[in-house]
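Visitor: Would you mind keeping the following structure in view while I ask a few things?
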Amino acid sequence: MTPFGAPFETAVIFGIFLLVLSFALSSRVEPGEKSTDEEDRPAGGESG
Amino acid sequence: MIQFDTVFVFVLGGFFIIVLIEGIRSFRRTAGDTDFLVAGRRVGPWIGGASLAATQMSAGTFVGTIAVHYLTGASFIWGWTGIWLAYIVGGLWVAPKMRRYSQEHGGLTFPDFIGDRYSSRGARGVAAILIVLAYIVFMSAQYQAGGVILETIFGIPFVWGAVILMVLVVLYTVIGGMVAVMRTDFLQQIAMALGAVIGLPLLISYAGGASNLRAVLTDVAPSFLSWHFGFRDLLGFALAFGLTFVVAPYILVRFYAMRDDKTIRKAVGIAILFNVIIASSVAMIGMSLKALYPQLSVADAASTVFASEVLPPVVGALVMTAVIAAVMSTVDSVLLVAGPAISHDIYYRLVDPEADVRKRLRINRLATLVVGAVPILLTLRQLDIVQFVVLAFAALLASTVFIPVVVGLYWRGASAAGAITSMVVGFVTCLIWYLIDEPFINPVVPGVLASGIAMYAVSRVTQPVGEAGLRPFFADTGRPARVG
């Protein structure tokens, strides 16, 4: 229990649930989609 | 003893220099308008996700939202849930279609999408004009917030603070385009998260620890820990933020810049991570400040009080730099939507389609410069309190563009006349709802409903878009449009 009350606690729990859901969805590979697990590349130009 | 404002000058100055260097580095990577507007479509999940979150968080977050929590307590945090859900809905059902359209058919801007989907120069022009008008008002509020912060801390006239911010943001955006904006967004989002996460434990400790804080809050403001805002209010906030966020042009162009659908889904998760951390931190900061300073006369000053009086100078300077970063990351993103709406959508697509790449890039930079400078004129007038300008702007934008985007992606029968009518009717309905003091529900609800009804009614009785025009947006191009 936090010092900030039920509205705060329930919203944070809901946010964590959506966070877990979004990461679960992000690991899904759609039909016909290439799997890309590369790190961020610098955007733009030849070095991109 | 080291003064807070002295430390803040060094921390903020250092941050400005890093951001400018990033802008100049990005200049070398910006060869044409595809680089300038969509960062060469090579952005990965971390920079993409941080950029989504940084763009969505504006001055409203670190000044206005802290102030609302200071005044009303915990329940306003439920307004954020509309944004979190919008990330998921947008990431699954809107962004992938927009990205594929952008990559396969060369769309670079939001009015590009409207113009191509509805095969209509008129729809493109209306979308470009409404976006420029709405965003100029929004930017003036951002400059105002930055100006007030610099005025409060340094005692300089707030107009000078606003002008300093404007010059810096316009400079790196004009030089480095989307590459610079997304890379600096990443830095700015890190600054925001660090500012909130490092500052919060110090604040709670300063307030005597968690248990003492609860006791003080219960004593000072008992309603703080329960539902100050009721279901209808919170639903209105969540809808205003969420419906806007699913289709906001400055968000959609970030999806254009990501390299594939999986990157979009990962970026959405990363953006929600940043959002939950900062939303909860901002709520706790606002409520803790109420316990410490129950009688602040100006609630918008709560974040400045927090940084300058509660925290050690270095941490306080970091927090205030985070607030300035929130302003900058929003303004730079808006610039790259509003500027190109003039240069790309009106000048190049409607006035001079023969312009070569170098000329288009030059015009893009010039338009971005002009659109960045004009809002300062409105800033001089100091419109409403920042948080309410942001909320009003969100409702207005959702009422204007939600239906043309979402219905346009999923209903083949949506026509050009329907899209133009829905944009104008949504915009006007939302505006009227404000003018009659928002009876019953947030203006976003009647705005989007009226926009939807206008789209359906007008599309049913007007010429639908031809099959060739629909092909980029619907996989099953063979079957006829259902309009009857």
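Chain lettering (A, B, ...) mirrors the order of the structure tokens, residue numbering begins at 1 for each chain separately, and ligand numbering begins at 1 in order of display.
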Could you write out as an NGL selection string the residues of chain B within 8 Å of chain A, counting only C-alpha atoms?

Guide: :B and (28-31 or 35 or 39-47 or 74-75 or 77-78 or 81 or 84-85 or 88 or 179 or 210-211 or 213-214 or 224-227 or 261-263 or 265-266 or 268-269 or 272-273 or 276 or 280 or 283-284 or 287)

Visitor: Check stretch 381-450 of chain B with DSSP on the backbone and list each residue it calls alpha helix (DSSP H), as a ChimeraX atom specification.

Guide: /B:386-410,416-435,444-450

Visitor: In Å, how far is it from atom CA of B:Gly73 to atom CA of B:Ala196?

Guide: 17.8 Å

Visitor: Name all residues at most 12 Å from B:Leu171 (count only C-alpha atoms; drop same-chain ones fewer than 2 positions away) and give them as a PyMOL selection string.

Guide: chain B and resi 16-17+19-24+27+163-169+173-177+180-181+328+331-332+335+365-366+368-370+372-373

Visitor: Counting only C-alpha atoms, which residue out of B:Phe154, B:Tyr206, B:Tyr410, B:Tyr256 sits closest to B:Val9?

Guide: B:Phe154

Visitor: Would you list the contacts of stretch 353-364 of chain B as an MDAnalysis selection string, taking every protein, DNA or RNA residue within 8 Å and counting only C-alpha atoms, but skipping same-chain residues closer than 3 positions in sequence?

Guide: chainID B and resid 32:33 36 339:340 343:344 347:350 367:368

Visitor: Could the residues in this selection be written to a file with all heavy atoms, as a compact mmCIF listing (two decimals), in the first residue's frame?

Guide:
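Generated file (out_20.txt):
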```txt
# COMPACT_ATOMS: atom_id res chain seq x y z
N GLY B 32 17.82 14.58 -48.34
CA GLY B 32 16.64 14.96 -49.11
C GLY B 32 15.43 15.03 -48.21
O GLY B 32 15.55 14.92 -46.99
N ASP B 33 14.23 15.20 -48.83
CA ASP B 33 13.06 15.38 -47.96
C ASP B 33 12.64 14.09 -47.26
O ASP B 33 11.99 14.13 -46.22
CB ASP B 33 11.89 16.07 -48.68
CG ASP B 33 11.56 15.45 -50.01
OD1 ASP B 33 12.18 14.43 -50.34
OD2 ASP B 33 10.69 15.99 -50.70
N PHE B 36 14.69 14.37 -44.22
CA PHE B 36 14.26 15.51 -43.41
C PHE B 36 12.93 15.22 -42.71
O PHE B 36 12.73 15.57 -41.55
CB PHE B 36 14.13 16.76 -44.29
CG PHE B 36 13.88 18.03 -43.51
CD1 PHE B 36 14.92 18.70 -42.88
CD2 PHE B 36 12.60 18.56 -43.40
CE1 PHE B 36 14.69 19.87 -42.15
CE2 PHE B 36 12.36 19.72 -42.67
CZ PHE B 36 13.41 20.39 -42.05
N GLY B 339 5.30 22.81 -40.36
CA GLY B 339 6.13 23.39 -41.42
C GLY B 339 5.91 22.69 -42.76
O GLY B 339 5.54 23.33 -43.76
N PRO B 340 6.08 21.37 -42.80
CA PRO B 340 5.87 20.65 -44.06
C PRO B 340 4.42 20.70 -44.57
O PRO B 340 4.19 20.50 -45.75
CB PRO B 340 6.26 19.21 -43.71
CG PRO B 340 7.24 19.37 -42.60
CD PRO B 340 6.75 20.53 -41.80
N SER B 343 5.07 23.65 -46.71
CA SER B 343 6.07 23.49 -47.77
C SER B 343 5.77 22.29 -48.67
O SER B 343 5.79 22.39 -49.89
CB SER B 343 7.45 23.34 -47.15
OG SER B 343 7.46 22.24 -46.27
N HIS B 344 5.49 21.15 -48.06
CA HIS B 344 5.30 19.92 -48.83
C HIS B 344 3.87 19.82 -49.38
O HIS B 344 3.68 19.57 -50.57
CB HIS B 344 5.61 18.72 -47.94
CG HIS B 344 5.39 17.39 -48.60
ND1 HIS B 344 6.35 16.77 -49.39
CD2 HIS B 344 4.32 16.57 -48.63
CE1 HIS B 344 5.87 15.64 -49.85
NE2 HIS B 344 4.65 15.47 -49.40
N TYR B 347 2.77 23.96 -50.89
CA TYR B 347 3.65 24.48 -51.94
C TYR B 347 3.98 23.40 -52.98
O TYR B 347 3.69 23.55 -54.17
CB TYR B 347 4.94 25.05 -51.33
CG TYR B 347 5.91 25.51 -52.39
CD1 TYR B 347 5.71 26.72 -53.07
CD2 TYR B 347 7.00 24.74 -52.77
CE1 TYR B 347 6.57 27.13 -54.08
CE2 TYR B 347 7.87 25.14 -53.76
CZ TYR B 347 7.64 26.33 -54.42
OH TYR B 347 8.49 26.73 -55.42
N TYR B 348 4.59 22.31 -52.53
CA TYR B 348 5.08 21.31 -53.49
C TYR B 348 3.93 20.53 -54.15
O TYR B 348 3.89 20.38 -55.37
CB TYR B 348 6.06 20.36 -52.78
CG TYR B 348 6.42 19.14 -53.59
CD1 TYR B 348 6.96 19.26 -54.86
CD2 TYR B 348 6.24 17.86 -53.07
CE1 TYR B 348 7.29 18.13 -55.61
CE2 TYR B 348 6.56 16.74 -53.79
CZ TYR B 348 7.08 16.87 -55.07
OH TYR B 348 7.40 15.76 -55.80
N ARG B 349 2.98 20.02 -53.37
CA ARG B 349 1.95 19.17 -53.95
C ARG B 349 0.87 19.95 -54.67
O ARG B 349 0.24 19.42 -55.61
CB ARG B 349 1.30 18.29 -52.86
CG ARG B 349 2.28 17.39 -52.13
CD ARG B 349 3.06 16.49 -53.07
NE ARG B 349 2.22 15.48 -53.70
CZ ARG B 349 2.14 14.21 -53.29
NH1 ARG B 349 2.85 13.80 -52.27
NH2 ARG B 349 1.36 13.37 -53.93
N LEU B 350 0.60 21.19 -54.25
CA LEU B 350 -0.50 21.93 -54.88
C LEU B 350 -0.04 23.10 -55.74
O LEU B 350 -0.73 23.48 -56.68
CB LEU B 350 -1.46 22.45 -53.80
CG LEU B 350 -2.13 21.39 -52.91
CD1 LEU B 350 -3.04 22.04 -51.88
CD2 LEU B 350 -2.94 20.39 -53.74
N ALA B 367 9.89 26.98 -44.38
CA ALA B 367 8.54 26.90 -43.80
C ALA B 367 8.61 26.52 -42.32
O ALA B 367 7.86 27.04 -41.50
CB ALA B 367 7.69 25.88 -44.56
N THR B 368 9.53 25.61 -41.98
CA THR B 368 9.69 25.20 -40.58
C THR B 368 10.13 26.40 -39.74
O THR B 368 9.64 26.60 -38.61
CB THR B 368 10.73 24.06 -40.48
OG1 THR B 368 10.31 23.01 -41.35
CG2 THR B 368 10.82 23.52 -39.07
```

Visitor: Just how far from atom CA of B:Pro111 is atom CA of B:Arg124, in Å to one decimal?

Guide: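 Between these atoms lies a distance of 5.0 Å.
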
Visitor: For atom CA of B:Ala468 and atom CA of B:Ala127, quote the distance in Å rounded to one decimal.

Guide: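 Calculated distance between atom CA of B:Ala468 and atom CA of B:Ala127 is 21.8 Å.
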
Visitor: Find the residues near B:Leu12: any atom within 9 Å, counting only C-alpha atoms, skip ones fewer than 3 places away on the same chain, and give them as a short mmCIF file (atom, residue, chain, number, x, y, z; two decimals) with all heavy atoms, in the first residue's frame.

Guide:
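Output contents, as saved in around.cif:
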```cif
data_model
loop_
_atom_site.label_atom_id
_atom_site.label_comp_id
_atom_site.auth_asym_id
_atom_site.auth_seq_id
_atom_site.Cartn_x
_atom_site.Cartn_y
_atom_site.Cartn_z
N VAL B 7 23.59 26.64 -10.80
CA VAL B 7 23.72 25.26 -11.27
C VAL B 7 22.83 25.03 -12.49
O VAL B 7 23.23 24.39 -13.47
CB VAL B 7 23.35 24.27 -10.15
CG1 VAL B 7 23.44 22.83 -10.66
CG2 VAL B 7 24.26 24.46 -8.96
N PHE B 8 21.62 25.60 -12.42
CA PHE B 8 20.67 25.39 -13.51
C PHE B 8 21.22 25.96 -14.82
O PHE B 8 21.05 25.36 -15.89
CB PHE B 8 19.33 26.05 -13.15
CG PHE B 8 18.24 25.82 -14.16
CD1 PHE B 8 17.99 24.56 -14.68
CD2 PHE B 8 17.45 26.87 -14.61
CE1 PHE B 8 16.98 24.34 -15.61
CE2 PHE B 8 16.44 26.67 -15.54
CZ PHE B 8 16.22 25.40 -16.04
N VAL B 9 21.90 27.11 -14.75
CA VAL B 9 22.49 27.70 -15.96
C VAL B 9 23.45 26.71 -16.59
O VAL B 9 23.42 26.48 -17.80
CB VAL B 9 23.22 29.02 -15.63
CG1 VAL B 9 24.13 29.44 -16.79
CG2 VAL B 9 22.22 30.12 -15.34
N PHE B 15 22.99 20.95 -21.60
CA PHE B 15 21.96 20.20 -22.32
C PHE B 15 21.70 20.84 -23.70
O PHE B 15 21.60 20.16 -24.71
CB PHE B 15 20.67 20.17 -21.48
CG PHE B 15 19.57 19.37 -22.10
CD1 PHE B 15 19.63 17.99 -22.16
CD2 PHE B 15 18.46 20.00 -22.63
CE1 PHE B 15 18.61 17.25 -22.72
CE2 PHE B 15 17.43 19.28 -23.20
CZ PHE B 15 17.52 17.90 -23.25
N PHE B 16 21.60 22.17 -23.73
CA PHE B 16 21.39 22.88 -25.00
C PHE B 16 22.53 22.58 -25.99
O PHE B 16 22.29 22.36 -27.17
CB PHE B 16 21.32 24.40 -24.75
CG PHE B 16 19.99 24.89 -24.24
CD1 PHE B 16 18.93 24.01 -24.02
CD2 PHE B 16 19.77 26.23 -23.97
CE1 PHE B 16 17.71 24.45 -23.55
CE2 PHE B 16 18.54 26.69 -23.50
CZ PHE B 16 17.52 25.80 -23.28
N ILE B 17 23.76 22.58 -25.46
CA ILE B 17 24.91 22.33 -26.35
C ILE B 17 24.85 20.92 -26.92
O ILE B 17 25.05 20.71 -28.12
CB ILE B 17 26.24 22.55 -25.57
CG1 ILE B 17 26.41 24.06 -25.30
CG2 ILE B 17 27.43 22.01 -26.36
CD1 ILE B 17 27.50 24.39 -24.30
N ALA B 317 18.18 21.20 -10.73
CA ALA B 317 18.49 21.70 -12.08
C ALA B 317 18.17 20.63 -13.12
O ALA B 317 17.66 20.94 -14.21
CB ALA B 317 19.97 22.08 -12.16
N LEU B 318 18.41 19.36 -12.77
CA LEU B 318 18.09 18.27 -13.70
C LEU B 318 16.58 18.19 -13.93
O LEU B 318 16.11 18.02 -15.06
CB LEU B 318 18.60 16.94 -13.13
CG LEU B 318 18.39 15.71 -14.01
CD1 LEU B 318 19.20 15.81 -15.29
CD2 LEU B 318 18.78 14.44 -13.26
N MET B 320 14.36 20.65 -13.65
CA MET B 320 13.89 21.77 -14.47
C MET B 320 14.35 21.63 -15.91
O MET B 320 13.66 22.04 -16.85
CB MET B 320 14.37 23.10 -13.88
CG MET B 320 13.67 23.50 -12.60
SD MET B 320 11.89 23.18 -12.57
CE MET B 320 11.29 24.36 -13.75
N THR B 321 15.53 21.02 -16.11
CA THR B 321 15.98 20.74 -17.47
C THR B 321 15.02 19.76 -18.14
O THR B 321 14.74 19.87 -19.33
CB THR B 321 17.42 20.18 -17.45
OG1 THR B 321 18.26 21.15 -16.83
CG2 THR B 321 17.93 19.92 -18.86
N ILE B 324 12.07 21.70 -19.37
CA ILE B 324 12.42 22.40 -20.62
C ILE B 324 12.51 21.39 -21.77
O ILE B 324 12.09 21.66 -22.90
CB ILE B 324 13.76 23.16 -20.45
CG1 ILE B 324 13.63 24.22 -19.35
CG2 ILE B 324 14.19 23.79 -21.77
CD1 ILE B 324 12.76 25.39 -19.69
#
```
